[in-house]
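> CSV, C-alpha atoms, file query28.csv:
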chain,number,residue,atom,x,y,z
A,31,MET,CA,99.7,109.6,105.9
A,32,SER,CA,96.0,110.2,106.7
A,33,GLU,CA,93.2,107.7,106.4
A,34,GLU,CA,92.0,109.6,103.3
A,35,GLU,CA,95.3,109.2,101.5
A,36,GLU,CA,96.2,105.7,102.6
A,37,PRO,CA,96.3,103.4,99.5
A,38,GLY,CA,94.5,100.1,99.0
A,39,TRP,CA,91.0,101.0,100.2
A,40,GLU,CA,89.3,101.7,96.9
A,41,VAL,CA,87.5,99.1,94.8
A,42,GLU,CA,88.9,98.3,91.3
A,43,PRO,CA,86.5,99.8,88.7
A,44,ASP,CA,86.1,96.5,86.9
A,45,ASP,CA,85.5,94.4,90.1
A,46,GLU,CA,81.7,94.0,89.9
A,47,TRP,CA,81.4,91.9,93.0
A,48,GLY,CA,83.6,94.3,95.0
A,49,LEU,CA,81.6,97.3,93.9
A,50,ALA,CA,78.4,95.5,94.8
A,51,VAL,CA,79.7,94.7,98.3
A,52,THR,CA,80.9,98.2,99.1
A,53,ALA,CA,77.7,99.7,97.8
A,54,THR,CA,75.6,97.4,99.9
A,55,VAL,CA,77.6,97.9,103.1
A,56,GLY,CA,77.6,101.7,102.5
A,57,ARG,CA,73.9,101.7,102.0
A,58,GLN,CA,73.3,99.7,105.2
A,59,LEU,CA,75.6,102.1,107.2
A,60,LYS,CA,73.7,105.1,105.9
A,61,LEU,CA,70.2,103.6,106.5
A,62,ARG,CA,71.1,102.7,110.1
A,63,ARG,CA,72.8,106.1,110.8
A,64,GLU,CA,69.7,107.9,109.5
A,65,ALA,CA,67.4,105.6,111.4
A,66,VAL,CA,68.9,106.7,114.7
A,67,GLY,CA,68.8,110.3,113.6
A,68,MET,CA,72.6,110.9,113.7
A,69,ARG,CA,74.3,113.4,111.3
A,70,ALA,CA,77.3,112.2,109.3
A,71,ALA,CA,79.6,114.7,111.2
A,72,ASP,CA,78.4,113.4,114.6
A,73,PHE,CA,78.7,109.8,113.5
A,74,GLY,CA,82.2,110.4,112.1
A,75,LYS,CA,83.2,111.9,115.4
A,76,ALA,CA,81.8,108.9,117.3
A,77,VAL,CA,83.7,106.4,115.3
A,78,GLY,CA,86.9,108.4,115.0
A,79,TYR,CA,86.7,109.3,111.2
A,80,GLY,CA,86.1,112.5,109.3
A,81,GLU,CA,82.8,113.5,107.8
A,82,ASP,CA,84.2,113.2,104.3
A,83,MET,CA,85.3,109.6,105.0
A,84,VAL,CA,81.8,108.8,106.2
A,85,TYR,CA,80.2,110.0,103.0
A,86,LYS,CA,82.8,108.1,100.9
A,87,VAL,CA,82.1,104.9,102.7
A,88,GLU,CA,78.3,105.3,102.6
A,89,SER,CA,78.4,106.1,98.8
A,90,GLY,CA,80.5,102.9,98.1
A,91,LYS,CA,83.6,104.9,97.1
A,92,ARG,CA,85.8,103.7,99.9
A,93,ILE,CA,86.2,100.3,101.5
A,94,PRO,CA,85.5,100.6,105.3
A,95,ARG,CA,88.2,99.2,107.5
A,96,PRO,CA,87.3,96.3,109.9
A,97,GLU,CA,87.6,98.6,112.9
A,98,TYR,CA,85.3,101.1,111.2
A,99,LEU,CA,82.5,98.5,111.0
A,100,ASP,CA,83.2,97.4,114.6
A,101,LYS,CA,82.8,100.9,115.9
A,102,ALA,CA,79.8,101.6,113.6
A,103,ASP,CA,78.1,98.5,114.9
A,104,GLY,CA,78.4,99.7,118.5
A,105,VAL,CA,77.5,103.3,117.8
A,106,LEU,CA,74.4,102.4,115.7
A,107,LYS,CA,73.4,99.5,118.0
A,108,ALA,CA,73.3,97.1,115.0
A,109,GLY,CA,73.7,94.0,117.2
A,110,GLY,CA,76.6,92.6,115.2
A,111,LEU,CA,75.0,92.8,111.8
A,112,LEU,CA,77.5,95.5,110.5
A,113,ALA,CA,80.5,93.8,112.1
A,114,ALA,CA,79.5,90.6,110.4
A,115,MET,CA,80.2,92.2,107.0
A,116,LYS,CA,84.0,92.4,107.8
A,117,GLU,CA,84.9,89.2,106.1
A,118,ASP,CA,83.4,90.1,102.7
A,119,VAL,CA,84.7,93.7,103.0
A,120,GLU,CA,88.2,92.5,103.7
A,121,LYS,CA,88.2,90.4,100.6
A,122,VAL,CA,87.2,93.3,98.5
A,123,ARG,CA,90.4,95.1,99.3
A,124,TYR,CA,92.4,92.7,97.3
A,125,PRO,CA,92.6,92.6,93.4
A,126,LYS,CA,90.0,90.2,91.9
A,127,LYS,CA,92.7,87.9,90.3
A,128,VAL,CA,94.5,87.4,93.6
A,129,ARG,CA,91.2,87.0,95.5
A,130,ASP,CA,90.1,84.2,93.1
A,131,LEU,CA,93.5,82.5,93.5
A,132,ALA,CA,93.3,82.7,97.3
A,133,GLU,CA,89.8,81.1,97.3
A,134,VAL,CA,91.0,78.2,95.2
A,135,GLU,CA,94.1,77.7,97.5
A,136,ALA,CA,91.8,77.9,100.6
A,137,LYS,CA,89.8,74.9,99.3
A,138,ALA,CA,92.8,72.7,98.4
A,139,VAL,CA,93.8,69.8,100.6
A,140,GLU,CA,97.1,69.4,98.7
A,141,ILE,CA,99.2,71.9,96.8
A,142,GLY,CA,102.4,71.2,94.8
A,143,VAL,CA,104.3,74.0,93.2
A,144,TYR,CA,107.5,74.3,91.2
A,145,VAL,CA,108.7,77.8,90.4
A,146,CYS,CA,111.7,78.6,88.3
A,147,SER,CA,112.0,82.4,88.4
A,148,SER,CA,111.0,83.6,91.8
A,149,VAL,CA,110.1,82.6,95.4
A,150,HIS,CA,106.5,81.4,95.4
A,151,GLY,CA,104.0,84.0,96.7
A,152,LEU,CA,103.0,81.8,99.6
A,153,LEU,CA,106.6,81.8,100.8
A,154,GLN,CA,107.5,85.5,100.4
A,155,THR,CA,108.0,88.0,103.2
A,156,PRO,CA,106.3,91.4,102.7
A,157,GLU,CA,109.6,93.1,102.0
A,158,HIS,CA,110.6,90.5,99.4
A,159,ALA,CA,107.2,90.8,97.7
A,160,ARG,CA,107.5,94.5,97.7
A,161,ALA,CA,111.0,94.4,96.1
A,162,LEU,CA,109.8,92.1,93.4
A,163,LEU,CA,106.7,94.2,92.6
A,164,GLU,CA,108.7,97.4,92.6
A,165,CYS,CA,110.7,96.2,89.5
A,166,TRP,CA,107.6,95.5,87.5
A,167,GLN,CA,107.2,97.4,84.2
A,168,PRO,CA,105.2,99.5,83.7
A,169,PRO,CA,105.5,100.3,87.4
A,170,TYR,CA,102.6,100.0,89.8
A,171,SER,CA,101.4,103.1,91.5
A,172,SER,CA,102.2,103.2,95.2
A,173,LYS,CA,98.5,102.5,95.9
A,174,ASP,CA,98.4,99.4,93.7
A,175,LEU,CA,101.8,98.2,94.9
A,176,GLU,CA,100.7,98.1,98.6
A,177,ARG,CA,97.4,96.6,97.7
A,178,ARG,CA,99.1,93.7,95.9
A,179,VAL,CA,101.6,93.2,98.7
A,180,ALA,CA,98.8,93.0,101.2
A,181,ALA,CA,96.9,90.6,99.0
A,182,ARG,CA,99.9,88.3,98.7
A,183,MET,CA,100.4,88.2,102.4
A,184,ALA,CA,96.7,87.5,103.0
A,185,ARG,CA,97.0,84.3,101.0
A,186,GLN,CA,99.5,83.0,103.6
A,187,SER,CA,96.6,82.4,106.0
A,188,ILE,CA,96.7,79.0,104.4
A,189,PHE,CA,99.5,78.0,106.9
A,190,GLU,CA,97.0,78.6,109.7
A,191,ARG,CA,94.3,76.3,108.3
A,192,THR,CA,92.9,73.4,110.4
A,193,PRO,CA,93.2,70.7,109.2
A,194,ALA,CA,96.4,71.8,107.5
A,195,PRO,CA,96.8,71.1,103.8
A,196,ALA,CA,99.7,69.2,102.5
A,197,LEU,CA,102.1,71.7,100.8
A,198,SER,CA,105.1,71.0,98.6
A,199,PHE,CA,107.4,73.6,97.0
A,200,VAL,CA,110.4,73.2,94.7
A,201,LEU,CA,112.5,76.4,94.2
A,202,GLU,CA,115.5,76.9,92.0
A,203,GLU,CA,118.9,77.7,93.7
A,204,THR,CA,119.5,80.3,91.1
A,205,THR,CA,116.4,82.1,92.3
A,206,LEU,CA,117.5,82.1,95.9
A,207,ARG,CA,120.9,83.5,94.9
A,208,ARG,CA,119.2,86.5,93.0
A,209,LYS,CA,119.7,89.6,95.0
A,210,VAL,CA,116.1,90.7,95.6
A,211,GLY,CA,116.1,93.6,98.0
A,212,GLY,CA,119.0,94.5,100.3
A,213,THR,CA,120.9,92.3,102.8
A,214,MET,CA,118.1,92.5,105.5
A,215,VAL,CA,115.4,91.6,103.0
A,216,ARG,CA,117.4,88.6,101.8
A,217,GLN,CA,118.1,87.4,105.4
A,218,GLN,CA,114.5,87.7,106.4
A,219,GLN,CA,113.4,85.8,103.3
A,220,PHE,CA,115.9,82.9,104.0
A,221,GLU,CA,114.7,82.8,107.6
A,222,ARG,CA,111.1,82.6,106.5
A,223,LEU,CA,111.9,79.7,104.1
A,224,LEU,CA,113.6,77.8,107.0
A,225,GLU,CA,110.7,78.5,109.3
A,226,ILE,CA,108.1,77.2,106.7
A,227,GLY,CA,110.3,74.3,105.9
A,228,ARG,CA,110.1,73.1,109.5
A,229,LEU,CA,106.3,72.8,109.4
A,230,ASN,CA,105.2,69.2,109.5
A,231,ASN,CA,102.7,69.7,106.6
A,232,VAL,CA,105.3,71.3,104.3
A,233,VAL,CA,108.0,69.8,102.1
A,234,LEU,CA,110.4,72.5,100.8
A,235,GLN,CA,113.0,71.5,98.3
A,236,VAL,CA,115.7,73.3,96.2
A,237,MET,CA,116.8,72.4,92.7
A,238,PRO,CA,120.6,72.8,92.8
A,239,LEU,CA,122.5,74.8,90.2
A,240,ASP,CA,124.4,71.7,89.1
A,241,SER,CA,121.2,69.6,88.4
A,242,PRO,CA,120.7,68.0,85.0
A,243,PRO,CA,117.9,69.3,82.7
A,244,HIS,CA,114.4,68.6,84.1
A,245,PRO,CA,110.8,68.9,83.0
A,246,GLY,CA,110.3,72.3,84.8
A,247,MET,CA,112.7,74.2,82.6
A,248,SER,CA,109.8,75.5,80.5
A,249,GLY,CA,108.2,77.2,83.4
A,250,ARG,CA,106.2,76.9,86.6
A,251,ILE,CA,104.0,73.9,87.5
A,252,GLU,CA,101.1,74.1,89.9
A,253,LEU,CA,98.9,71.2,91.1
A,254,LEU,CA,95.9,71.6,93.5
A,255,LYS,CA,93.9,68.7,94.8
A,256,PHE,CA,90.5,69.0,96.6
A,257,GLU,CA,88.6,67.0,99.3
A,258,ASP,CA,86.1,65.6,96.7
A,259,GLY,CA,88.9,64.0,94.7
A,260,THR,CA,89.0,66.6,91.9
A,261,ALA,CA,92.1,68.5,91.0
A,262,VAL,CA,93.3,71.4,88.9
A,263,GLY,CA,96.7,72.1,87.5
A,264,ARG,CA,98.6,74.5,85.3
A,265,SER,CA,102.0,74.6,83.7
A,266,ASP,CA,103.7,77.4,81.6
A,267,GLY,CA,105.1,74.6,79.4
A,268,ALA,CA,102.0,72.6,78.7
A,269,PHE,CA,98.5,73.0,77.3
A,270,ASN,CA,99.2,76.7,76.5
A,271,GLY,CA,99.5,77.5,80.1
A,272,ARG,CA,95.7,77.1,80.7
A,273,PRO,CA,94.3,75.4,83.8
A,274,VAL,CA,93.5,71.8,83.3
A,275,SER,CA,91.3,69.4,85.3
A,276,ASN,CA,90.8,66.2,83.2
A,277,LEU,CA,92.7,63.1,84.2
A,278,ARG,CA,94.8,62.7,81.1
A,279,GLU,CA,96.2,66.2,81.3
A,280,LEU,CA,96.6,66.1,85.1
A,281,ARG,CA,98.7,62.9,84.8
A,282,VAL,CA,101.1,64.8,82.5
A,283,LEU,CA,101.6,67.5,85.0
A,284,GLU,CA,101.9,65.1,87.9
A,285,LEU,CA,104.5,63.1,86.1
A,286,ARG,CA,106.5,66.2,85.4
A,287,TYR,CA,106.2,67.5,89.0
A,288,SER,CA,107.2,64.1,90.5
A,289,THR,CA,110.2,64.0,88.3
A,290,ILE,CA,111.2,67.5,89.4
A,291,ARG,CA,110.9,66.5,93.1
A,292,ALA,CA,113.0,63.4,92.5
A,293,GLN,CA,115.8,65.5,91.0
A,294,ALA,CA,115.7,68.3,93.6
A,295,LEU,CA,117.6,68.1,96.9
A,296,PRO,CA,115.9,66.3,99.8
A,297,PRO,CA,114.3,68.6,102.4
A,298,GLY,CA,117.2,68.3,104.8
A,299,GLU,CA,119.8,69.1,102.2
A,300,SER,CA,117.6,71.9,100.9
A,301,SER,CA,117.4,73.5,104.4
A,302,ALA,CA,121.2,73.2,104.8
A,303,LEU,CA,121.7,75.0,101.4
A,304,ILE,CA,119.3,77.8,102.5
A,305,GLU,CA,121.2,78.1,105.8
A,306,HIS,CA,124.4,78.3,103.9
A,307,LEU,CA,123.0,81.1,101.7
A,308,LEU,CA,121.8,82.9,104.8
A,309,GLY,CA,125.3,82.7,106.2
A,310,GLU,CA,126.7,84.3,103.0
A,311,THR,CA,124.4,87.4,103.1
Could you render the structure as structure tokens?

Amino acid sequence: MSEEEEPGWEVEPDDEWGLAVTATVGRQLKLRREAVGMRAADFGKAVGYGEDMVYKVESGKRIPRPEYLDKADGVLKAGGLLAAMKEDVEKVRYPKKVRDLAEVEAKAVEIGVYVCSSVHGLLQTPEHARALLECWQPPYSSKDLERRVAARMARQSIFERTPAPALSFVLEETTLRRKVGGTMVRQQQFERLLEIGRLNNVVLQVMPLDSPPHPGMSGRIELLKFEDGTAVGRSDGAFNGRPVSNLRELRVLELRYSTIRAQALPPGESSALIEHLLGET
């Protein structure tokens, strides 16, 4: 697949910030290229891209790759100014909704999540994420699908943060037993869960099939706490699923989540169950 055809490098039409970023970067690239008297074809040859791609990037129709900006910075002698745009440009590649979620997660010092119907996005392997997204109806285009997989994986940089946030996940055993993808996909996903569960800032628990009813049966619960003492939470089964941040409503979600954690298997038993499922695949 050529660079021109590769999916995931166009901005969503309704993403105003993304469109503004790519337009600004494209304009800067064009101004600097013209300032040194270099034709688009010659510039493209110097950075290893076609003339058509150069025009698409400069007109804001195509998101430049990080290496494109690095090479352009050197060829145009921009002194690091073009390369410095990589962080914003990389964010533009991901759908706005996912980007907003990643920004909130990146600020949290503590995250607690119960999910009842799938493995949480922060825990998924690329292959597992792709298998889940492929079953969506109406189906995503191949371009949209790969863009969403890449965005989901980018959120997992949270595991590399310093200082590390405190992370807690509760998954349903029935979800882990669902045959998402083939044998290799399932094995890789179980191995990934075991790997994350060994991190000292992560508590990973499984709600067993034979558990009694619990407060999460009406849907997922998410709680995020921030350094300044504020917090935000959301639950499918409370407050119409909308995000909440006042203390009274947060206490309801915290009570439900703590009850779920108390009913779930302890981390050691949860890891043993995942290892058992891995052995069964």
> Which is closest to Leu307 of chain A among A:Glu252, A:Asp45, A:Glu221, A:Asp72, if we use all atoms listed in the file?
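Using all atoms listed in the file, Leu307 of chain A sits closest to A:Glu221.
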> Can you tell me how far atom CA of Ala292 of chain A sits from atom CA of Phe256 of chain A, in Å to one decimal?
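So the two atoms, atom CA of Ala292 of chain A and atom CA of Phe256 of chain A, lie 23.5 Å apart.
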> Here is a test: counting only C-alpha atoms, which residue of A:Val262, A:Val119, A:Ala53, A:Ala132 is nearest to Arg182 of chain A?
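Closest to Arg182 of chain A, using only C-alpha atoms: A:Ala132.
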> Hey, what's within 8 Å of segment 234-237 of chain A if we count all atoms listed in the file and toss same-chain stuff fewer than 3 positions away? As a PyMOL selection string, please?
chain A and resi 198-203+226-227+241+291+293-297+300-301
> Considering all atoms listed in the file, can you say which of A:Ala138, A:Glu42, A:Leu111, A:Val66 comes closest to Ile93 of chain A?
A:Glu42
